[in-house]
$ cat coords.cif   # mmCIF, C-alpha atoms
data_final
loop_
_atom_site.label_atom_id
_atom_site.label_comp_id
_atom_site.auth_asym_id
_atom_site.auth_seq_id
_atom_site.Cartn_x
_atom_site.Cartn_y
_atom_site.Cartn_z
CA MET A 1 -0.12 -32.49 -46.53
CA ASP A 2 -1.44 -29.32 -44.93
CA TYR A 3 -0.08 -26.83 -47.49
CA PRO A 4 -1.67 -23.70 -45.93
CA TYR A 5 -0.04 -24.49 -42.57
CA LEU A 6 3.28 -25.26 -44.24
CA LEU A 7 3.17 -21.94 -46.08
CA HIS A 8 2.21 -20.00 -42.97
CA SER A 9 4.85 -21.61 -40.74
CA SER A 10 7.54 -21.15 -43.40
CA TRP A 11 6.65 -17.48 -43.62
CA GLN A 12 6.99 -17.18 -39.84
CA LEU A 13 10.42 -18.84 -39.88
CA ILE A 14 11.63 -16.58 -42.71
CA LEU A 15 10.33 -13.49 -40.90
CA SER A 16 12.14 -14.61 -37.76
CA ALA A 17 15.36 -15.02 -39.75
CA VAL A 18 15.01 -11.53 -41.21
CA PHE A 19 14.35 -9.85 -37.86
CA SER A 20 17.13 -11.78 -36.15
CA SER A 21 19.59 -10.92 -38.92
CA LEU A 22 19.00 -7.21 -38.34
CA VAL A 23 20.24 -7.59 -34.78
CA GLY A 24 22.99 -10.05 -35.69
CA PHE A 25 24.30 -7.78 -38.43
CA GLU A 26 24.99 -5.01 -35.90
CA ARG A 27 26.85 -7.45 -33.65
CA GLU A 28 28.81 -8.80 -36.63
CA MET A 29 29.83 -5.31 -37.74
CA HIS A 30 31.43 -4.68 -34.35
CA GLY A 31 33.39 -7.92 -34.31
CA HIS A 32 31.45 -9.91 -31.72
CA GLN A 33 31.76 -13.69 -31.86
CA ALA A 34 27.99 -14.18 -31.51
CA GLY A 35 27.16 -12.38 -34.74
CA LEU A 36 24.88 -12.79 -37.73
CA ARG A 37 24.65 -16.59 -37.89
CA THR A 38 24.24 -17.06 -34.15
CA HIS A 39 21.40 -14.54 -33.89
CA ILE A 40 19.59 -15.99 -36.91
CA LEU A 41 19.83 -19.51 -35.50
CA VAL A 42 18.59 -18.38 -32.09
CA GLY A 43 15.65 -16.49 -33.59
CA VAL A 44 14.63 -19.25 -36.03
CA GLY A 45 15.11 -21.92 -33.37
CA SER A 46 12.89 -20.04 -30.93
CA THR A 47 10.19 -19.70 -33.56
CA LEU A 48 10.42 -23.39 -34.47
CA PHE A 49 10.21 -24.49 -30.84
CA THR A 50 7.20 -22.26 -30.34
CA LEU A 51 5.46 -23.70 -33.40
CA ALA A 52 6.30 -27.18 -32.17
CA SER A 53 4.92 -26.49 -28.71
CA ILE A 54 1.68 -25.20 -30.20
CA GLY A 55 1.40 -28.28 -32.44
CA ILE A 56 2.28 -30.80 -29.75
CA ALA A 57 -0.07 -29.30 -27.18
CA GLU A 58 -2.97 -28.74 -29.61
CA GLY A 59 -6.20 -29.44 -27.80
CA HIS A 60 -4.55 -29.38 -24.38
CA ALA A 61 -4.55 -26.81 -21.62
CA VAL A 62 -2.81 -23.48 -22.14
CA GLU A 63 -0.34 -24.35 -19.38
CA GLN A 64 0.95 -27.28 -21.40
CA ARG A 65 1.38 -25.14 -24.50
CA SER A 66 3.59 -22.72 -22.60
CA ARG A 67 6.06 -25.28 -21.26
CA ILE A 68 8.40 -25.33 -24.26
CA ALA A 69 8.22 -21.55 -24.56
CA ALA A 70 9.23 -21.24 -20.92
CA GLN A 71 12.21 -23.51 -21.55
CA ILE A 72 13.31 -21.27 -24.43
CA VAL A 73 13.65 -18.33 -22.02
CA SER A 74 15.81 -20.27 -19.54
CA GLY A 75 17.76 -22.13 -22.24
CA ILE A 76 18.86 -18.96 -23.99
CA GLY A 77 20.22 -17.77 -20.65
CA PHE A 78 22.77 -20.59 -20.72
CA LEU A 79 23.69 -19.81 -24.32
CA GLY A 80 24.11 -16.13 -23.54
CA ALA A 81 26.31 -16.92 -20.55
CA GLY A 82 28.81 -18.47 -22.96
CA THR A 83 29.37 -15.08 -24.61
CA ILE A 84 30.29 -13.34 -21.33
CA MET A 85 34.01 -13.09 -20.59
CA ARG A 86 35.87 -11.47 -17.72
CA GLN A 87 39.11 -9.67 -18.56
CA GLY A 88 40.64 -8.34 -15.37
CA SER A 89 38.13 -5.98 -13.82
CA ALA A 90 36.20 -5.62 -17.10
CA VAL A 91 33.31 -7.83 -18.18
CA ARG A 92 32.71 -8.27 -21.92
CA GLY A 93 29.84 -9.86 -23.80
CA LEU A 94 26.93 -8.74 -21.63
CA THR A 95 25.32 -6.76 -24.45
CA THR A 96 25.64 -9.67 -26.88
CA ALA A 97 24.15 -12.05 -24.31
CA ALA A 98 21.25 -9.65 -23.85
CA SER A 99 20.73 -9.32 -27.63
CA LEU A 100 20.58 -13.12 -27.97
CA TRP A 101 18.00 -13.27 -25.19
CA ALA A 102 15.98 -10.48 -26.83
CA VAL A 103 16.14 -12.16 -30.27
CA ALA A 104 14.80 -15.35 -28.71
CA GLY A 105 11.85 -13.33 -27.44
CA VAL A 106 11.27 -11.95 -30.93
CA GLY A 107 11.36 -15.46 -32.40
CA LEU A 108 8.95 -16.71 -29.77
CA ALA A 109 6.50 -13.90 -30.51
CA ILE A 110 6.66 -14.60 -34.25
CA GLY A 111 5.99 -18.27 -33.58
CA VAL A 112 2.84 -17.44 -31.60
CA GLY A 113 1.72 -15.14 -34.42
CA GLY A 114 -1.38 -12.97 -34.43
CA ARG A 115 -1.08 -9.62 -32.72
CA LEU A 116 2.30 -10.62 -31.30
CA LEU A 117 3.75 -10.14 -34.79
CA LEU A 118 3.33 -6.40 -34.23
CA ALA A 119 5.08 -6.72 -30.88
CA ALA A 120 7.93 -8.64 -32.53
CA THR A 121 8.29 -5.92 -35.17
CA ALA A 122 8.33 -3.14 -32.58
CA ALA A 123 10.77 -5.09 -30.39
CA THR A 124 13.17 -5.56 -33.32
CA VAL A 125 13.15 -1.84 -34.01
CA VAL A 126 13.81 -1.08 -30.34
CA ILE A 127 16.63 -3.66 -30.11
CA VAL A 128 18.42 -2.41 -33.23
CA ALA A 129 17.99 1.21 -32.12
CA THR A 130 19.41 0.35 -28.72
CA LEU A 131 22.47 -1.31 -30.22
CA THR A 132 23.15 1.54 -32.66
CA LEU A 133 21.82 4.85 -31.39
CA VAL A 134 22.47 4.18 -27.72
CA ARG A 135 26.01 3.12 -28.62
CA GLU A 136 26.59 6.66 -29.91
CA LEU A 137 25.17 8.09 -26.70
CA GLU A 138 27.44 5.85 -24.63
CA GLY A 139 30.41 7.03 -26.69
CA TRP A 140 29.51 10.65 -25.97
CA LEU A 141 29.18 9.95 -22.26
CA GLU A 142 32.47 8.04 -22.26
CA GLY A 143 34.15 11.07 -23.83
CA ARG A 144 33.00 13.19 -20.91
CA ARG A 145 34.45 10.85 -18.30
CA ILE A 146 37.77 11.47 -16.63
CA GLU A 147 39.92 9.16 -14.56
CA ARG A 148 42.51 10.68 -12.28
CA GLU A 149 44.68 9.58 -9.39
CA LEU A 150 44.39 11.46 -6.10
CA ARG A 151 46.95 11.27 -3.30
CA VAL A 152 45.74 12.26 0.16
CA THR A 153 48.35 12.32 2.95
CA VAL A 154 46.99 12.00 6.48
CA SER A 155 48.55 11.98 9.91
CA ASN A 156 46.25 9.20 11.11
CA PRO A 157 44.49 6.94 8.59
CA ARG A 158 42.01 5.46 11.03
CA GLY A 159 38.47 6.32 9.96
CA MET A 160 39.67 8.76 7.32
CA MET A 161 38.73 6.72 4.27
CA GLN A 162 35.03 7.08 4.98
CA SER A 163 35.35 10.85 5.36
CA ILE A 164 37.41 11.19 2.16
CA ALA A 165 34.92 9.04 0.25
CA GLY A 166 32.08 11.27 1.45
CA VAL A 167 33.76 14.37 0.02
CA LEU A 168 34.47 12.67 -3.31
CA GLU A 169 30.94 11.32 -3.68
CA SER A 170 29.46 14.73 -2.87
CA ARG A 171 31.31 16.01 -5.97
CA GLY A 172 29.99 13.18 -8.15
CA LEU A 173 33.24 11.19 -8.22
CA VAL A 174 33.36 7.39 -8.06
CA ILE A 175 36.25 5.60 -6.35
CA LEU A 176 37.65 2.81 -8.53
CA ARG A 177 40.64 1.74 -6.46
CA VAL A 178 42.28 2.61 -3.12
CA ASN A 179 45.82 1.92 -1.90
CA LEU A 180 47.20 2.87 1.50
CA THR A 181 50.92 3.56 1.85
CA SER A 182 53.15 4.80 4.69
CA ASP A 183 56.34 6.84 4.63
CA ALA A 184 59.62 5.41 5.84
CA GLY A 185 59.37 7.07 9.25
CA GLY A 186 55.82 5.98 9.83
CA THR A 187 54.73 9.52 10.77
CA ALA A 188 52.17 9.84 7.96
CA SER A 189 50.12 7.69 5.62
CA ALA A 190 48.80 8.32 2.14
CA PHE A 191 45.64 7.15 0.43
CA VAL A 192 46.19 6.77 -3.30
CA LEU A 193 42.79 6.74 -4.96
CA LYS A 194 41.87 6.21 -8.59
CA VAL A 195 38.62 8.07 -9.19
CA ARG A 196 36.24 8.57 -12.09
CA GLY A 197 34.13 11.62 -12.79
CA THR A 198 32.87 13.82 -15.59
CA LEU A 199 34.34 16.87 -17.27
CA GLY A 200 33.64 20.04 -15.38
CA VAL A 201 34.33 18.73 -11.89
CA ASP A 202 36.10 21.36 -9.77
CA LEU A 203 39.22 19.37 -8.89
CA SER A 204 41.01 22.23 -7.17
CA GLY A 205 37.97 22.97 -5.05
CA LEU A 206 37.84 19.33 -4.09
CA THR A 207 41.42 19.28 -2.86
CA ASP A 208 40.73 22.46 -0.87
CA ASP A 209 37.83 20.72 0.86
CA LEU A 210 40.02 17.73 1.68
CA VAL A 211 42.88 19.82 3.11
CA GLU A 212 40.44 21.55 5.46
CA MET A 213 39.58 18.21 7.05
CA PRO A 214 41.26 17.25 10.36
CA GLU A 215 44.15 14.81 9.98
CA VAL A 216 44.60 15.64 6.26
CA LEU A 217 48.08 17.04 5.54
CA THR A 218 48.07 17.28 1.73
CA ALA A 219 45.80 16.44 -1.20
CA GLU A 220 47.09 16.53 -4.75
CA TRP A 221 46.28 15.11 -8.17
CA ASP A 222 48.85 13.03 -10.04
#
$ encode --input "coords.cif" --output "structure tokens"
Amino acid sequence: MDYPYLLHSSWQLILSAVFSSLVGFEREMHGHQAGLRTHILVGVGSTLFTLASIGIAEGHAVEQRSRIAAQIVSGIGFLGAGTIMRQGSAVRGLTTAASLWAVAGVGLAIGVGGRLLLAATAATVVIVATLTLVRELEGWLEGRRIERELRVTVSNPRGMMQSIAGVLESRGLVILRVNLTSDAGGTASAFVLKVRGTLGVDLSGLTDDLVEMPEVLTAEWD
């Protein structure tokens, strides 16, 4: 039995489990289904497949050694897709899918060994920092976002939506939803827009700009 190889490969698998658990722990703490166990299994599995590919292809061309590693990259994509769920207009699980894919890369690098161990260490630090520190930044940005409903009444709706959208975008607002309604007499129409922006947007100035446009009768925030 090749005890030095067994010791070295076992150390690589344990290191992969440790690095993967750091990422999985963050996911577990925030209640994601793909948590600690899933990330550890993905990381250790990637390392094991990499070690196997190196052993199987020993003495062969480099291209043959990379075949299993290449399949790890595509295979994790299918696993990550299972964590993505669509709930109405919202998509959940993208970050967890990405963390699984990144952990597989860390496991692969550990399996190759050598200087790539440094890359795996640095990547783990970056991944964990992204999931923790950047989460705080996203929370701060989310707190600065506003969502409001704008009602713009026009005498003729033809071609007006493009003009209204231009004014909103010039103020840094994003249109999330648009509905077009008409009054009972059919003499006017109203665009009801749900828009998103950031704190500090001059909403009154925006409505003034809209009212000055031809065909616009009123513009008001709900």
$ closest_residue --input "coords.cif" --among "A:Thr50, A:Leu199, A:Thr38, A:Gly105" --to "Thr121 (chain A)" --atoms "only C-alpha atoms"
A:Gly105
$ closest_residue --input "coords.cif" --among "A:Asp222, A:Leu210, A:Phe191, A:Ala109" --to "Thr153 (chain A)" --atoms "all atoms listed in the file"
A:Phe191
$ resolve_selection --input "coords.cif" --expression "the PyMOL selection byres ((chain A and resi 21) around 10)" --output "MDAnalysis selection string"
chainID A and resid 15:20 22:28 35:41 43 103
$ atom_distance --input "coords.cif" --atom1 "CA of Leu206 (chain A)" --atom2 "CA of Arg151 (chain A)"
12.2 Å
$ residues_around --input "coords.cif" --residues "Ala97 (chain A)" --least-positions-apart "4" --cutoff "12 Å" --atoms "all atoms listed in the file" --output "list in words"
Gly24, Arg27, His32, Gln33, Ala34, Gly35, Thr38, His39, Val42, Ile76, Gly77, Phe78, Leu79, Gly80, Ala81, Gly82, Thr83, Ile84, Met85, Val91, Arg92, Gly93, Trp101, Ala102, Val103 and Ala104 of chain A
$ closest_residue --input "coords.cif" --among "A:Tyr5, A:Trp221, A:Phe49, A:Trp11" --to "Leu150 (chain A)" --atoms "all atoms listed in the file"
A:Trp221
$ atom_distance --input "coords.cif" --atom1 "CA of Leu217 (chain A)" --atom2 "CA of Gly200 (chain A)"
25.6 Å
$ atom_distance --input "coords.cif" --atom1 "CA of Leu117 (chain A)" --atom2 "CA of Leu7 (chain A)"
16.3 Å
$ resolve_selection --input "coords.cif" --expression "the PyMOL selection byres ((chain A and resi 156-163) around 10)" --output "mmCIF file with C-alpha atoms, keeping the file's coordinate frame"
data_model
loop_
_atom_site.group_PDB
_atom_site.id
_atom_site.type_symbol
_atom_site.label_atom_id
_atom_site.label_comp_id
_atom_site.auth_asym_id
_atom_site.auth_seq_id
_atom_site.Cartn_x
_atom_site.Cartn_y
_atom_site.Cartn_z
ATOM 1 C CA VAL A 152 45.740 12.260 0.160
ATOM 2 C CA THR A 153 48.350 12.320 2.950
ATOM 3 C CA VAL A 154 46.990 12.000 6.480
ATOM 4 C CA SER A 155 48.550 11.980 9.910
ATOM 5 C CA ILE A 164 37.410 11.190 2.160
ATOM 6 C CA ALA A 165 34.920 9.040 0.250
ATOM 7 C CA GLY A 166 32.080 11.270 1.450
ATOM 8 C CA VAL A 167 33.760 14.370 0.020
ATOM 9 C CA LEU A 168 34.470 12.670 -3.310
ATOM 10 C CA VAL A 178 42.280 2.610 -3.120
ATOM 11 C CA LEU A 180 47.200 2.870 1.500
ATOM 12 C CA THR A 181 50.920 3.560 1.850
ATOM 13 C CA SER A 182 53.150 4.800 4.690
ATOM 14 C CA THR A 187 54.730 9.520 10.770
ATOM 15 C CA ALA A 188 52.170 9.840 7.960
ATOM 16 C CA SER A 189 50.120 7.690 5.620
ATOM 17 C CA ALA A 190 48.800 8.320 2.140
ATOM 18 C CA PHE A 191 45.640 7.150 0.430
ATOM 19 C CA LEU A 210 40.020 17.730 1.680
ATOM 20 C CA MET A 213 39.580 18.210 7.050
ATOM 21 C CA PRO A 214 41.260 17.250 10.360
ATOM 22 C CA GLU A 215 44.150 14.810 9.980
ATOM 23 C CA VAL A 216 44.600 15.640 6.260
ATOM 24 C CA LEU A 217 48.080 17.040 5.540
#
